[in-house]
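The next block is final_22.tsv, given as TSV, N, CA and C atoms.
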chain	number	residue	atom	x	y	z
A	1	MET	N	-18.91	146.15	79.28
A	1	MET	CA	-20.30	146.13	78.88
A	1	MET	C	-20.47	146.96	77.61
A	2	ARG	N	-21.18	146.42	76.68
A	2	ARG	CA	-21.44	147.11	75.42
A	2	ARG	C	-22.43	148.25	75.63
A	3	ALA	N	-22.25	149.28	74.89
A	3	ALA	CA	-23.14	150.44	74.98
A	3	ALA	C	-24.23	150.33	73.92
A	4	HIS	N	-25.35	150.95	74.18
A	4	HIS	CA	-26.45	150.99	73.23
A	4	HIS	C	-26.10	151.88	72.04
A	5	THR	N	-26.81	151.68	70.94
A	5	THR	CA	-26.56	152.45	69.73
A	5	THR	C	-26.66	153.94	69.97
A	6	HIS	N	-27.65	154.39	70.76
A	6	HIS	CA	-27.79	155.83	70.99
A	6	HIS	C	-26.60	156.38	71.78
A	7	VAL	N	-25.97	155.56	72.62
A	7	VAL	CA	-24.79	156.01	73.36
A	7	VAL	C	-23.61	156.13	72.40
A	8	HIS	N	-23.50	155.22	71.45
A	8	HIS	CA	-22.45	155.31	70.43
A	8	HIS	C	-22.62	156.58	69.59
A	9	ARG	N	-23.86	156.89	69.23
A	9	ARG	CA	-24.13	158.11	68.46
A	9	ARG	C	-23.75	159.36	69.25
A	10	ARG	N	-24.10	159.36	70.54
A	10	ARG	CA	-23.76	160.50	71.40
A	10	ARG	C	-22.25	160.64	71.52
A	11	ALA	N	-21.53	159.51	71.66
A	11	ALA	CA	-20.07	159.55	71.76
A	11	ALA	C	-19.46	160.15	70.50
A	12	LYS	N	-19.96	159.74	69.35
A	12	LYS	CA	-19.46	160.28	68.08
A	12	LYS	C	-19.67	161.79	68.01
A	13	ARG	N	-20.86	162.24	68.42
A	13	ARG	CA	-21.15	163.68	68.42
A	13	ARG	C	-20.22	164.42	69.38
A	14	LEU	N	-20.01	163.84	70.58
A	14	LEU	CA	-19.16	164.49	71.58
A	14	LEU	C	-17.71	164.58	71.14
A	15	ARG	N	-17.25	163.62	70.33
A	15	ARG	CA	-15.87	163.68	69.83
A	15	ARG	C	-15.65	164.93	68.98
A	16	ALA	N	-16.70	165.37	68.32
A	16	ALA	CA	-16.60	166.57	67.48
A	16	ALA	C	-16.80	167.85	68.28
A	17	GLU	N	-17.20	167.72	69.55
A	17	GLU	CA	-17.52	168.89	70.37
A	17	GLU	C	-16.70	168.93	71.65
A	18	LEU	N	-15.43	168.52	71.61
A	18	LEU	CA	-14.61	168.53	72.81
A	18	LEU	C	-14.48	169.94	73.37
A	19	SER	N	-14.50	170.04	74.69
A	19	SER	CA	-14.27	171.33	75.34
A	19	SER	C	-12.78	171.68	75.20
A	20	LEU	N	-12.42	172.91	75.50
A	20	LEU	CA	-11.02	173.32	75.40
A	20	LEU	C	-10.13	172.46	76.31
A	21	PRO	N	-10.48	172.24	77.59
A	21	PRO	CA	-9.63	171.37	78.42
A	21	PRO	C	-9.52	169.95	77.86
A	22	GLU	N	-10.61	169.42	77.34
A	22	GLU	CA	-10.57	168.07	76.75
A	22	GLU	C	-9.67	168.05	75.52
A	23	THR	N	-9.75	169.08	74.69
A	23	THR	CA	-8.91	169.17	73.50
A	23	THR	C	-7.44	169.24	73.87
A	24	LEU	N	-7.11	170.09	74.86
A	24	LEU	CA	-5.72	170.22	75.29
A	24	LEU	C	-5.18	168.89	75.81
A	25	LEU	N	-6.00	168.17	76.54
A	25	LEU	CA	-5.59	166.89	77.08
A	25	LEU	C	-5.49	165.84	75.97
A	26	TRP	N	-6.45	165.81	75.06
A	26	TRP	CA	-6.45	164.82	73.99
A	26	TRP	C	-5.21	164.95	73.10
A	27	VAL	N	-4.82	166.18	72.77
A	27	VAL	CA	-3.64	166.40	71.93
A	27	VAL	C	-2.42	165.73	72.57
A	28	ARG	N	-2.37	165.72	73.88
A	28	ARG	CA	-1.22	165.14	74.58
A	28	ARG	C	-1.37	163.63	74.81
A	29	LEU	N	-2.58	163.17	75.12
A	29	LEU	CA	-2.77	161.75	75.42
A	29	LEU	C	-2.70	160.86	74.17
A	30	ARG	N	-3.02	161.39	73.04
A	30	ARG	CA	-3.07	160.57	71.83
A	30	ARG	C	-1.70	160.27	71.25
A	31	ARG	N	-0.66	160.91	71.75
A	31	ARG	CA	0.70	160.76	71.20
A	31	ARG	C	1.27	159.35	71.35
A	32	ARG	N	1.04	158.69	72.47
A	32	ARG	CA	1.56	157.33	72.73
A	32	ARG	C	3.05	157.22	72.51
A	33	GLU	N	3.81	158.01	73.22
A	33	GLU	CA	5.26	157.97	73.09
A	33	GLU	C	5.83	156.71	73.72
A	34	ASP	N	6.86	156.13	73.10
A	34	ASP	CA	7.58	154.96	73.62
A	34	ASP	C	6.66	153.80	73.96
A	35	GLY	N	5.63	153.58	73.16
A	35	GLY	CA	4.74	152.45	73.40
A	35	GLY	C	3.92	152.59	74.66
A	36	GLY	N	3.71	153.80	75.12
A	36	GLY	CA	2.92	154.04	76.32
A	36	GLY	C	1.47	153.63	76.13
A	37	PRO	N	0.69	153.77	77.19
A	37	PRO	CA	-0.72	153.34	77.11
A	37	PRO	C	-1.51	154.14	76.07
A	38	ALA	N	-2.44	153.46	75.43
A	38	ALA	CA	-3.30	154.09	74.42
A	38	ALA	C	-4.59	154.57	75.08
A	39	PHE	N	-5.03	155.76	74.70
A	39	PHE	CA	-6.26	156.33	75.21
A	39	PHE	C	-7.26	156.52	74.07
A	40	ARG	N	-8.53	156.44	74.41
A	40	ARG	CA	-9.62	156.76	73.49
A	40	ARG	C	-10.35	157.96	74.07
A	41	ARG	N	-10.90	158.78	73.22
A	41	ARG	CA	-11.69	159.92	73.70
A	41	ARG	C	-13.16	159.63	73.49
A	42	GLN	N	-13.98	160.13	74.39
A	42	GLN	CA	-15.43	159.98	74.30
A	42	GLN	C	-15.80	158.53	73.98
A	43	HIS	N	-15.40	157.64	74.88
A	43	HIS	CA	-15.57	156.20	74.70
A	43	HIS	C	-16.84	155.72	75.40
A	44	PRO	N	-17.77	155.06	74.68
A	44	PRO	CA	-19.01	154.58	75.29
A	44	PRO	C	-18.79	153.31	76.13
A	45	VAL	N	-19.36	153.31	77.34
A	45	VAL	CA	-19.37	152.13	78.22
A	45	VAL	C	-20.75	152.08	78.86
A	46	GLY	N	-21.50	151.04	78.56
A	46	GLY	CA	-22.85	150.93	79.11
A	46	GLY	C	-23.65	152.16	78.73
A	47	PRO	N	-24.30	152.82	79.72
A	47	PRO	CA	-25.10	154.00	79.42
A	47	PRO	C	-24.30	155.31	79.40
A	48	TYR	N	-22.98	155.22	79.58
A	48	TYR	CA	-22.16	156.42	79.74
A	48	TYR	C	-21.16	156.61	78.60
A	49	VAL	N	-20.74	157.86	78.43
A	49	VAL	CA	-19.65	158.19	77.52
A	49	VAL	C	-18.53	158.75	78.39
A	50	LEU	N	-17.38	158.08	78.36
A	50	LEU	CA	-16.23	158.47	79.18
A	50	LEU	C	-15.40	159.51	78.44
A	51	ASP	N	-14.96	160.54	79.13
A	51	ASP	CA	-14.14	161.56	78.47
A	51	ASP	C	-12.92	160.92	77.81
A	52	PHE	N	-12.16	160.14	78.59
A	52	PHE	CA	-11.00	159.42	78.07
A	52	PHE	C	-10.97	158.05	78.72
A	53	TYR	N	-10.50	157.06	77.96
A	53	TYR	CA	-10.46	155.70	78.48
A	53	TYR	C	-9.20	154.99	78.00
A	54	CYS	N	-8.51	154.34	78.92
A	54	CYS	CA	-7.36	153.50	78.61
A	54	CYS	C	-7.77	152.06	78.90
A	55	ALA	N	-8.00	151.27	77.87
A	55	ALA	CA	-8.46	149.89	78.03
A	55	ALA	C	-7.42	149.02	78.73
A	56	GLN	N	-6.15	149.21	78.39
A	56	GLN	CA	-5.08	148.42	78.98
A	56	GLN	C	-5.08	148.54	80.50
A	57	ALA	N	-5.28	149.75	81.01
A	57	ALA	CA	-5.25	150.00	82.45
A	57	ALA	C	-6.65	149.99	83.07
A	58	ARG	N	-7.69	149.87	82.24
A	58	ARG	CA	-9.08	149.96	82.71
A	58	ARG	C	-9.25	151.24	83.53
A	59	LEU	N	-8.83	152.35	82.92
A	59	LEU	CA	-8.82	153.65	83.58
A	59	LEU	C	-9.66	154.64	82.78
A	60	CYS	N	-10.61	155.27	83.47
A	60	CYS	CA	-11.43	156.34	82.91
A	60	CYS	C	-10.91	157.65	83.46
A	61	VAL	N	-10.73	158.64	82.60
A	61	VAL	CA	-10.32	159.98	83.02
A	61	VAL	C	-11.45	160.93	82.69
A	62	GLU	N	-11.97	161.61	83.70
A	62	GLU	CA	-13.06	162.56	83.52
A	62	GLU	C	-12.55	163.98	83.81
A	63	VAL	N	-12.80	164.88	82.88
A	63	VAL	CA	-12.45	166.29	83.04
A	63	VAL	C	-13.70	167.00	83.54
A	64	ASP	N	-13.64	167.46	84.78
A	64	ASP	CA	-14.80	168.06	85.42
A	64	ASP	C	-14.75	169.58	85.38
A	65	GLY	N	-15.72	170.17	84.70
A	65	GLY	CA	-15.87	171.62	84.69
A	65	GLY	C	-16.60	172.08	85.94
A	66	TRP	N	-16.86	173.37	86.03
A	66	TRP	CA	-17.48	173.95	87.24
A	66	TRP	C	-18.83	173.33	87.54
A	67	ALA	N	-19.56	172.90	86.52
A	67	ALA	CA	-20.92	172.37	86.72
A	67	ALA	C	-20.92	171.06	87.52
A	68	HIS	N	-19.80	170.37	87.60
A	68	HIS	CA	-19.76	169.10	88.33
A	68	HIS	C	-19.91	169.28	89.83
A	69	GLY	N	-19.81	170.49	90.30
A	69	GLY	CA	-19.99	170.75	91.73
A	69	GLY	C	-21.35	171.36	92.06
A	70	THR	N	-22.24	171.45	91.08
A	70	THR	CA	-23.53	172.12	91.29
A	70	THR	C	-24.69	171.15	91.21
A	71	GLU	N	-25.79	171.56	91.80
A	71	GLU	CA	-27.07	170.85	91.78
A	71	GLU	C	-26.90	169.37	92.07
A	72	ASP	N	-27.42	168.50	91.21
A	72	ASP	CA	-27.36	167.06	91.48
A	72	ASP	C	-26.16	166.38	90.83
A	73	ARG	N	-25.25	167.15	90.23
A	73	ARG	CA	-24.10	166.55	89.54
A	73	ARG	C	-23.22	165.69	90.44
A	74	PRO	N	-22.89	166.13	91.66
A	74	PRO	CA	-22.06	165.26	92.51
A	74	PRO	C	-22.71	163.89	92.74
A	75	ARG	N	-24.00	163.86	92.93
A	75	ARG	CA	-24.70	162.59	93.14
A	75	ARG	C	-24.70	161.75	91.87
A	76	ARG	N	-24.93	162.40	90.73
A	76	ARG	CA	-24.90	161.68	89.45
A	76	ARG	C	-23.50	161.15	89.15
A	77	ASP	N	-22.47	161.96	89.44
A	77	ASP	CA	-21.09	161.52	89.22
A	77	ASP	C	-20.76	160.33	90.12
A	78	ALA	N	-21.23	160.35	91.36
A	78	ALA	CA	-20.99	159.23	92.29
A	78	ALA	C	-21.66	157.95	91.77
A	79	ARG	N	-22.87	158.08	91.25
A	79	ARG	CA	-23.58	156.92	90.71
A	79	ARG	C	-22.84	156.36	89.48
A	80	ARG	N	-22.37	157.25	88.64
A	80	ARG	CA	-21.62	156.86	87.45
A	80	ARG	C	-20.31	156.16	87.85
A	81	ASP	N	-19.59	156.75	88.81
A	81	ASP	CA	-18.33	156.16	89.28
A	81	ASP	C	-18.57	154.77	89.86
A	82	ALA	N	-19.65	154.59	90.60
A	82	ALA	CA	-19.97	153.28	91.19
A	82	ALA	C	-20.26	152.27	90.09
A	83	TYR	N	-20.98	152.68	89.07
A	83	TYR	CA	-21.26	151.79	87.94
A	83	TYR	C	-19.95	151.35	87.29
A	84	LEU	N	-19.07	152.30	87.02
A	84	LEU	CA	-17.81	151.98	86.35
A	84	LEU	C	-16.93	151.08	87.23
A	85	ARG	N	-16.88	151.34	88.53
A	85	ARG	CA	-16.14	150.46	89.44
A	85	ARG	C	-16.68	149.05	89.37
A	86	GLY	N	-18.00	148.92	89.28
A	86	GLY	CA	-18.63	147.60	89.15
A	86	GLY	C	-18.22	146.90	87.87
A	87	GLU	N	-17.84	147.65	86.86
A	87	GLU	CA	-17.35	147.10	85.59
A	87	GLU	C	-15.84	146.90	85.61
A	88	GLY	N	-15.20	147.18	86.77
A	88	GLY	CA	-13.75	147.00	86.88
A	88	GLY	C	-12.94	148.16	86.33
A	89	ILE	N	-13.56	149.33	86.21
A	89	ILE	CA	-12.90	150.51	85.66
A	89	ILE	C	-12.68	151.53	86.78
A	90	SER	N	-11.44	151.97	86.95
A	90	SER	CA	-11.13	153.03	87.91
A	90	SER	C	-11.43	154.38	87.27
A	91	VAL	N	-11.84	155.32	88.10
A	91	VAL	CA	-12.17	156.65	87.61
A	91	VAL	C	-11.21	157.66	88.23
A	92	TYR	N	-10.63	158.49	87.38
A	92	TYR	CA	-9.71	159.54	87.81
A	92	TYR	C	-10.31	160.86	87.35
A	93	ARG	N	-10.69	161.70	88.28
A	93	ARG	CA	-11.32	162.97	87.96
A	93	ARG	C	-10.31	164.10	88.10
A	94	ILE	N	-10.33	164.99	87.13
A	94	ILE	CA	-9.43	166.14	87.13
A	94	ILE	C	-10.24	167.39	86.84
A	95	ALA	N	-9.97	168.45	87.56
A	95	ALA	CA	-10.66	169.71	87.33
A	95	ALA	C	-10.22	170.32	86.00
A	96	ALA	N	-11.18	170.81	85.23
A	96	ALA	CA	-10.88	171.44	83.95
A	96	ALA	C	-9.92	172.61	84.14
A	97	ALA	N	-10.06	173.34	85.23
A	97	ALA	CA	-9.16	174.47	85.49
A	97	ALA	C	-7.71	174.01	85.63
A	98	ASP	N	-7.49	172.83	86.22
A	98	ASP	CA	-6.13	172.30	86.35
A	98	ASP	C	-5.55	171.95	84.98
A	99	VAL	N	-6.38	171.41	84.10
A	99	VAL	CA	-5.92	171.09	82.74
A	99	VAL	C	-5.55	172.38	82.01
A	100	LEU	N	-6.37	173.40	82.15
A	100	LEU	CA	-6.08	174.68	81.49
A	100	LEU	C	-4.79	175.30	82.01
A	101	ARG	N	-4.54	175.15	83.30
A	101	ARG	CA	-3.33	175.72	83.92
A	101	ARG	C	-2.05	175.04	83.45
A	102	ASP	N	-2.06	173.71	83.35
A	102	ASP	CA	-0.84	172.99	83.01
A	102	ASP	C	-1.16	171.65	82.33
A	103	PRO	N	-1.59	171.69	81.08
A	103	PRO	CA	-2.00	170.46	80.40
A	103	PRO	C	-0.88	169.44	80.25
A	104	ASP	N	0.36	169.90	80.10
A	104	ASP	CA	1.47	168.96	79.93
A	104	ASP	C	1.67	168.11	81.19
A	105	SER	N	1.72	168.75	82.34
A	105	SER	CA	1.92	168.00	83.59
A	105	SER	C	0.75	167.07	83.89
A	106	ILE	N	-0.46	167.54	83.63
A	106	ILE	CA	-1.65	166.72	83.86
A	106	ILE	C	-1.59	165.48	82.97
A	107	ALA	N	-1.30	165.66	81.68
A	107	ALA	CA	-1.23	164.53	80.75
A	107	ALA	C	-0.12	163.56	81.16
A	108	GLU	N	1.03	164.08	81.55
A	108	GLU	CA	2.13	163.21	81.99
A	108	GLU	C	1.72	162.39	83.20
A	109	GLY	N	1.03	163.00	84.14
A	109	GLY	CA	0.57	162.28	85.33
A	109	GLY	C	-0.43	161.19	84.99
A	110	ILE	N	-1.32	161.47	84.06
A	110	ILE	CA	-2.33	160.48	83.64
A	110	ILE	C	-1.66	159.31	82.93
A	111	VAL	N	-0.72	159.60	82.05
A	111	VAL	CA	-0.02	158.52	81.34
A	111	VAL	C	0.76	157.67	82.34
A	112	ARG	N	1.41	158.31	83.29
A	112	ARG	CA	2.15	157.58	84.32
A	112	ARG	C	1.22	156.70	85.15
A	113	LEU	N	0.06	157.25	85.53
A	113	LEU	CA	-0.93	156.48	86.30
A	113	LEU	C	-1.39	155.26	85.51
A	114	ALA	N	-1.69	155.44	84.24
A	114	ALA	CA	-2.15	154.32	83.41
A	114	ALA	C	-1.04	153.28	83.25
A	115	ALA	N	0.18	153.73	83.07
A	115	ALA	CA	1.30	152.80	82.87
A	115	ALA	C	1.59	151.99	84.13
A	116	GLU	N	1.32	152.57	85.31
A	116	GLU	CA	1.59	151.90	86.58
A	116	GLU	C	0.52	150.89	86.95
A	117	ARG	N	-0.65	151.00	86.35
A	117	ARG	CA	-1.75	150.08	86.69
A	117	ARG	C	-1.53	148.73	86.03
A	118	PRO	N	-1.89	147.66	86.72
A	118	PRO	CA	-1.77	146.34	86.09
A	118	PRO	C	-2.72	146.25	84.89
A	119	ALA	N	-2.27	145.55	83.89
A	119	ALA	CA	-3.08	145.41	82.68
A	119	ALA	C	-4.31	144.55	82.96
A	120	ARG	N	-5.48	145.10	82.68
A	120	ARG	CA	-6.76	144.41	82.79
A	120	ARG	C	-6.89	143.52	84.02
A	121	PRO	N	-7.05	144.12	85.18
A	121	PRO	CA	-7.18	143.31	86.40
A	121	PRO	C	-8.43	142.43	86.36
A	122	ASP	N	-8.36	141.30	87.04
A	122	ASP	CA	-9.49	140.36	87.06
A	122	ASP	C	-10.64	140.87	87.91
A	123	ALA	N	-10.33	141.56	88.99
A	123	ALA	CA	-11.35	142.03	89.93
A	123	ALA	C	-11.58	143.52	89.73
A	124	PRO	N	-12.76	144.01	90.12
A	124	PRO	CA	-13.00	145.45	90.08
A	124	PRO	C	-11.92	146.17	90.88
A	125	SER	N	-11.59	147.37	90.42
A	125	SER	CA	-10.42	148.06	90.93
A	125	SER	C	-10.61	148.82	92.24
A	126	GLY	N	-11.81	149.10	92.66
A	126	GLY	CA	-11.98	149.80	93.93
A	126	GLY	C	-12.31	151.26	93.76
A	127	ALA	N	-11.70	152.09	94.57
A	127	ALA	CA	-12.10	153.49	94.71
A	127	ALA	C	-11.74	154.34	93.50
A	128	SER	N	-12.53	155.36	93.29
A	128	SER	CA	-12.22	156.38	92.30
A	128	SER	C	-11.12	157.25	92.85
A	129	ARG	N	-10.38	157.88	91.98
A	129	ARG	CA	-9.34	158.81	92.40
A	129	ARG	C	-9.80	160.22	92.05
A	130	HIS	N	-9.49	161.14	92.92
A	130	HIS	CA	-9.83	162.54	92.68
A	130	HIS	C	-8.59	163.36	92.91
A	131	LEU	N	-8.34	164.32	92.04
A	131	LEU	CA	-7.25	165.26	92.25
A	131	LEU	C	-7.75	166.37	93.15
A	132	PRO	N	-6.87	166.94	93.96
A	132	PRO	CA	-7.30	168.10	94.74
A	132	PRO	C	-7.66	169.25	93.84
A	133	ARG	N	-8.62	170.01	94.24
A	133	ARG	CA	-9.10	171.14	93.42
A	133	ARG	C	-8.37	172.39	93.78

Can you dump the structure from the file as structure tokens?
Amino acid sequence: MRAHTHVHRRAKRLRAELSLPETLLWVRLRRREDGGPAFRRQHPVGPYVLDFYCAQARLCVEVDGWAHGTEDRPRRDARRDAYLRGEGISVYRIAAADVLRDPDSIAEGIVRLAAERPARPDAPSGASRHLPR
């Protein structure tokens, strides 16, 4: 689904304002070693901007800071994940603290996950994936 112009503008602004965990992950995901899957950062989809997106695997990677567990964020994240699943995109959530602890291992796991997924499945992919916190 195409995103609205204001979502594209927000994505562009967010690319310039990556958090430290997002920056650490982006430095590793953008390398594309050995023809591995390609990722985009702050990619607009419908009304949302995805932290990272691999079009080949239809995989969204979200880096969740502490605020994702507070107030109405869990409900908003669930609504967002359901929307993306409806678009055939799987969601993989990772705690920002885990990225800060070991960005290399986290990036390797994400690249492996994307490489193992079938390219552009015809049907929506199903459940979101969550890493243990």

Query raised in the report: Could you work out how far atom C of Asp51 of chain A lies from atom CA of Leu18 of chain A, giving the answer in Å with one decimal?
Result: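 A separation of 9.3 Å between them.
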
Query raised in the report: Nearest to Val111 of chain A: which of A:Leu20, A:Val7, A:Leu29, A:Ile89 is it, counting all atoms listed in the file?
Result: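 Answer, going by the shortest atom-to-atom distance: A:Leu29.
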
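Taking atom CA of Val99 of chain A and atom C of Pro21 of chain A as the two end points, the separation is 6.2 Å.
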
Using DSSP secondary structure from the backbone, list all alpha helix (DSSP H) positions within segment 11-127 of chain A, as a compact mmCIF listing (two decimals) with N, CA and C atoms, keeping the file's coordinate frame.
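Resulting contents of part.txt:
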# COMPACT_ATOMS: atom_id res chain seq x y z
N ALA A 11 -21.53 159.51 71.66
CA ALA A 11 -20.07 159.55 71.76
C ALA A 11 -19.46 160.15 70.50
N LYS A 12 -19.96 159.74 69.35
CA LYS A 12 -19.46 160.28 68.08
C LYS A 12 -19.67 161.79 68.01
N ARG A 13 -20.86 162.24 68.42
CA ARG A 13 -21.15 163.68 68.42
C ARG A 13 -20.22 164.42 69.38
N LEU A 14 -20.01 163.84 70.58
CA LEU A 14 -19.16 164.49 71.58
C LEU A 14 -17.71 164.58 71.14
N ARG A 15 -17.25 163.62 70.33
CA ARG A 15 -15.87 163.68 69.83
C ARG A 15 -15.65 164.93 68.98
N LEU A 20 -12.42 172.91 75.50
CA LEU A 20 -11.02 173.32 75.40
C LEU A 20 -10.13 172.46 76.31
N PRO A 21 -10.48 172.24 77.59
CA PRO A 21 -9.63 171.37 78.42
C PRO A 21 -9.52 169.95 77.86
N GLU A 22 -10.61 169.42 77.34
CA GLU A 22 -10.57 168.07 76.75
C GLU A 22 -9.67 168.05 75.52
N THR A 23 -9.75 169.08 74.69
CA THR A 23 -8.91 169.17 73.50
C THR A 23 -7.44 169.24 73.87
N LEU A 24 -7.11 170.09 74.86
CA LEU A 24 -5.72 170.22 75.29
C LEU A 24 -5.18 168.89 75.81
N LEU A 25 -6.00 168.17 76.54
CA LEU A 25 -5.59 166.89 77.08
C LEU A 25 -5.49 165.84 75.97
N TRP A 26 -6.45 165.81 75.06
CA TRP A 26 -6.45 164.82 73.99
C TRP A 26 -5.21 164.95 73.10
N VAL A 27 -4.82 166.18 72.77
CA VAL A 27 -3.64 166.40 71.93
C VAL A 27 -2.42 165.73 72.57
N ARG A 28 -2.37 165.72 73.88
CA ARG A 28 -1.22 165.14 74.58
C ARG A 28 -1.37 163.63 74.81
N LEU A 29 -2.58 163.17 75.12
CA LEU A 29 -2.77 161.75 75.42
C LEU A 29 -2.70 160.86 74.17
N ARG A 73 -25.25 167.15 90.23
CA ARG A 73 -24.10 166.55 89.54
C ARG A 73 -23.22 165.69 90.44
N PRO A 74 -22.89 166.13 91.66
CA PRO A 74 -22.06 165.26 92.51
C PRO A 74 -22.71 163.89 92.74
N ARG A 75 -24.00 163.86 92.93
CA ARG A 75 -24.70 162.59 93.14
C ARG A 75 -24.70 161.75 91.87
N ARG A 76 -24.93 162.40 90.73
CA ARG A 76 -24.90 161.68 89.45
C ARG A 76 -23.50 161.15 89.15
N ASP A 77 -22.47 161.96 89.44
CA ASP A 77 -21.09 161.52 89.22
C ASP A 77 -20.76 160.33 90.12
N ALA A 78 -21.23 160.35 91.36
CA ALA A 78 -20.99 159.23 92.29
C ALA A 78 -21.66 157.95 91.77
N ARG A 79 -22.87 158.08 91.25
CA ARG A 79 -23.58 156.92 90.71
C ARG A 79 -22.84 156.36 89.48
N ARG A 80 -22.37 157.25 88.64
CA ARG A 80 -21.62 156.86 87.45
C ARG A 80 -20.31 156.16 87.85
N ASP A 81 -19.59 156.75 88.81
CA ASP A 81 -18.33 156.16 89.28
C ASP A 81 -18.57 154.77 89.86
N ALA A 82 -19.65 154.59 90.60
CA ALA A 82 -19.97 153.28 91.19
C ALA A 82 -20.26 152.27 90.09
N TYR A 83 -20.98 152.68 89.07
CA TYR A 83 -21.26 151.79 87.94
C TYR A 83 -19.95 151.35 87.29
N LEU A 84 -19.07 152.30 87.02
CA LEU A 84 -17.81 151.98 86.35
C LEU A 84 -16.93 151.08 87.23
N ARG A 85 -16.88 151.34 88.53
CA ARG A 85 -16.14 150.46 89.44
C ARG A 85 -16.68 149.05 89.37
N GLY A 86 -18.00 148.92 89.28
CA GLY A 86 -18.63 147.60 89.15
C GLY A 86 -18.22 146.90 87.87
N ALA A 96 -11.18 170.81 85.23
CA ALA A 96 -10.88 171.44 83.95
C ALA A 96 -9.92 172.61 84.14
N ALA A 97 -10.06 173.34 85.23
CA ALA A 97 -9.16 174.47 85.49
C ALA A 97 -7.71 174.01 85.63
N ASP A 98 -7.49 172.83 86.22
CA ASP A 98 -6.13 172.30 86.35
C ASP A 98 -5.55 171.95 84.98
N VAL A 99 -6.38 171.41 84.10
CA VAL A 99 -5.92 171.09 82.74
C VAL A 99 -5.55 172.38 82.01
N LEU A 100 -6.37 173.40 82.15
CA LEU A 100 -6.08 174.68 81.49
C LEU A 100 -4.79 175.30 82.01
N ARG A 101 -4.54 175.15 83.30
CA ARG A 101 -3.33 175.72 83.92
C ARG A 101 -2.05 175.04 83.45
N PRO A 103 -1.59 171.69 81.08
CA PRO A 103 -2.00 170.46 80.40
C PRO A 103 -0.88 169.44 80.25
N ASP A 104 0.36 169.90 80.10
CA ASP A 104 1.47 168.96 79.93
C ASP A 104 1.67 168.11 81.19
N SER A 105 1.72 168.75 82.34
CA SER A 105 1.92 168.00 83.59
C SER A 105 0.75 167.07 83.89
N ILE A 106 -0.46 167.54 83.63
CA ILE A 106 -1.65 166.72 83.86
C ILE A 106 -1.59 165.48 82.97
N ALA A 107 -1.30 165.66 81.68
CA ALA A 107 -1.23 164.53 80.75
C ALA A 107 -0.12 163.56 81.16
N GLU A 108 1.03 164.08 81.55
CA GLU A 108 2.13 163.21 81.99
C GLU A 108 1.72 162.39 83.20
N GLY A 109 1.03 163.00 84.14
CA GLY A 109 0.57 162.28 85.33
C GLY A 109 -0.43 161.19 84.99
N ILE A 110 -1.32 161.47 84.06
CA ILE A 110 -2.33 160.48 83.64
C ILE A 110 -1.66 159.31 82.93
N VAL A 111 -0.72 159.60 82.05
CA VAL A 111 -0.02 158.52 81.34
C VAL A 111 0.76 157.67 82.34
N ARG A 112 1.41 158.31 83.29
CA ARG A 112 2.15 157.58 84.32
C ARG A 112 1.22 156.70 85.15
N LEU A 113 0.06 157.25 85.53
CA LEU A 113 -0.93 156.48 86.30
C LEU A 113 -1.39 155.26 85.51
N ALA A 114 -1.69 155.44 84.24
CA ALA A 114 -2.15 154.32 83.41
C ALA A 114 -1.04 153.28 83.25
N ALA A 115 0.18 153.73 83.07
CA ALA A 115 1.30 152.80 82.87
C ALA A 115 1.59 151.99 84.13
N GLU A 116 1.32 152.57 85.31
CA GLU A 116 1.59 151.90 86.58
C GLU A 116 0.52 150.89 86.95

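The nearest approach to Ile106 of chain A among the residues A:Val49, A:Gly88, A:Leu25, A:Ala55, with all atoms listed in the file taken into account, belongs to A:Leu25.
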
Query raised in the report: What is the distance, in Å and to one decimal place, between atom N of Pro103 of chain A and atom N of Ala38 of chain A?
Result: 19.1 Å

Requested in this report: Could you give me the residues within segment 17-79 of chain A that DSSP places in strand (DSSP E or B), as number ranges by chain?
Outcome: A: 40-45, 48-54, 59-64

Query - Counting all atoms listed in the file, the option among A:Leu24, A:Val45, A:Leu84, A:Val63 closest to Asp104 of chain A - result: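 Closest to Asp104 of chain A, using all atoms listed in the file: A:Leu24.
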
Each side padded by 8 Å, which centre and which edge lengths in Å (one decimal) define the axis-aligned box around the listed atoms of segment 47-56 of chain A? Give them as AutoDock Vina command-line options.
--center_x -15.1 --center_y 155.0 --center_z 79.0 --size_x 36.0 --size_y 29.1 --size_z 19.0

Query raised in the report: Pick from A:Arg9, A:Val91, A:Arg28, A:Glu17: nearest to Ala107 of chain A, with all atoms listed in the file counted?
Result: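 That would be A:Arg28, the residue with the smallest distance to Ala107 of chain A.
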
Just want the 8 Å neighbourhood of Arg41 of chain A, counted on only C-alpha atoms, with same-chain residues fewer than 5 positions away dropped. Output as a PDB file with N, CA and C atoms, in the coordinates of the input.
ATOM      1  N   ARG A  15     -17.250 163.620  70.330  1.00  0.00           N
ATOM      2  CA  ARG A  15     -15.870 163.680  69.830  1.00  0.00           C
ATOM      3  C   ARG A  15     -15.650 164.930  68.980  1.00  0.00           C
ATOM      4  N   TRP A  26      -6.450 165.810  75.060  1.00  0.00           N
ATOM      5  CA  TRP A  26      -6.450 164.820  73.990  1.00  0.00           C
ATOM      6  C   TRP A  26      -5.210 164.950  73.100  1.00  0.00           C
ATOM      7  N   LEU A  50     -17.380 158.080  78.360  1.00  0.00           N
ATOM      8  CA  LEU A  50     -16.230 158.470  79.180  1.00  0.00           C
ATOM      9  C   LEU A  50     -15.400 159.510  78.440  1.00  0.00           C
ATOM     10  N   ASP A  51     -14.960 160.540  79.130  1.00  0.00           N
ATOM     11  CA  ASP A  51     -14.140 161.560  78.470  1.00  0.00           C
ATOM     12  C   ASP A  51     -12.920 160.920  77.810  1.00  0.00           C
ATOM     13  N   PHE A  52     -12.160 160.140  78.590  1.00  0.00           N
ATOM     14  CA  PHE A  52     -11.000 159.420  78.070  1.00  0.00           C
ATOM     15  C   PHE A  52     -10.970 158.050  78.720  1.00  0.00           C
ATOM     16  N   TYR A  53     -10.500 157.060  77.960  1.00  0.00           N
ATOM     17  CA  TYR A  53     -10.460 155.700  78.480  1.00  0.00           C
ATOM     18  C   TYR A  53      -9.200 154.990  78.000  1.00  0.00           C
TER      19      TYR A  53
END
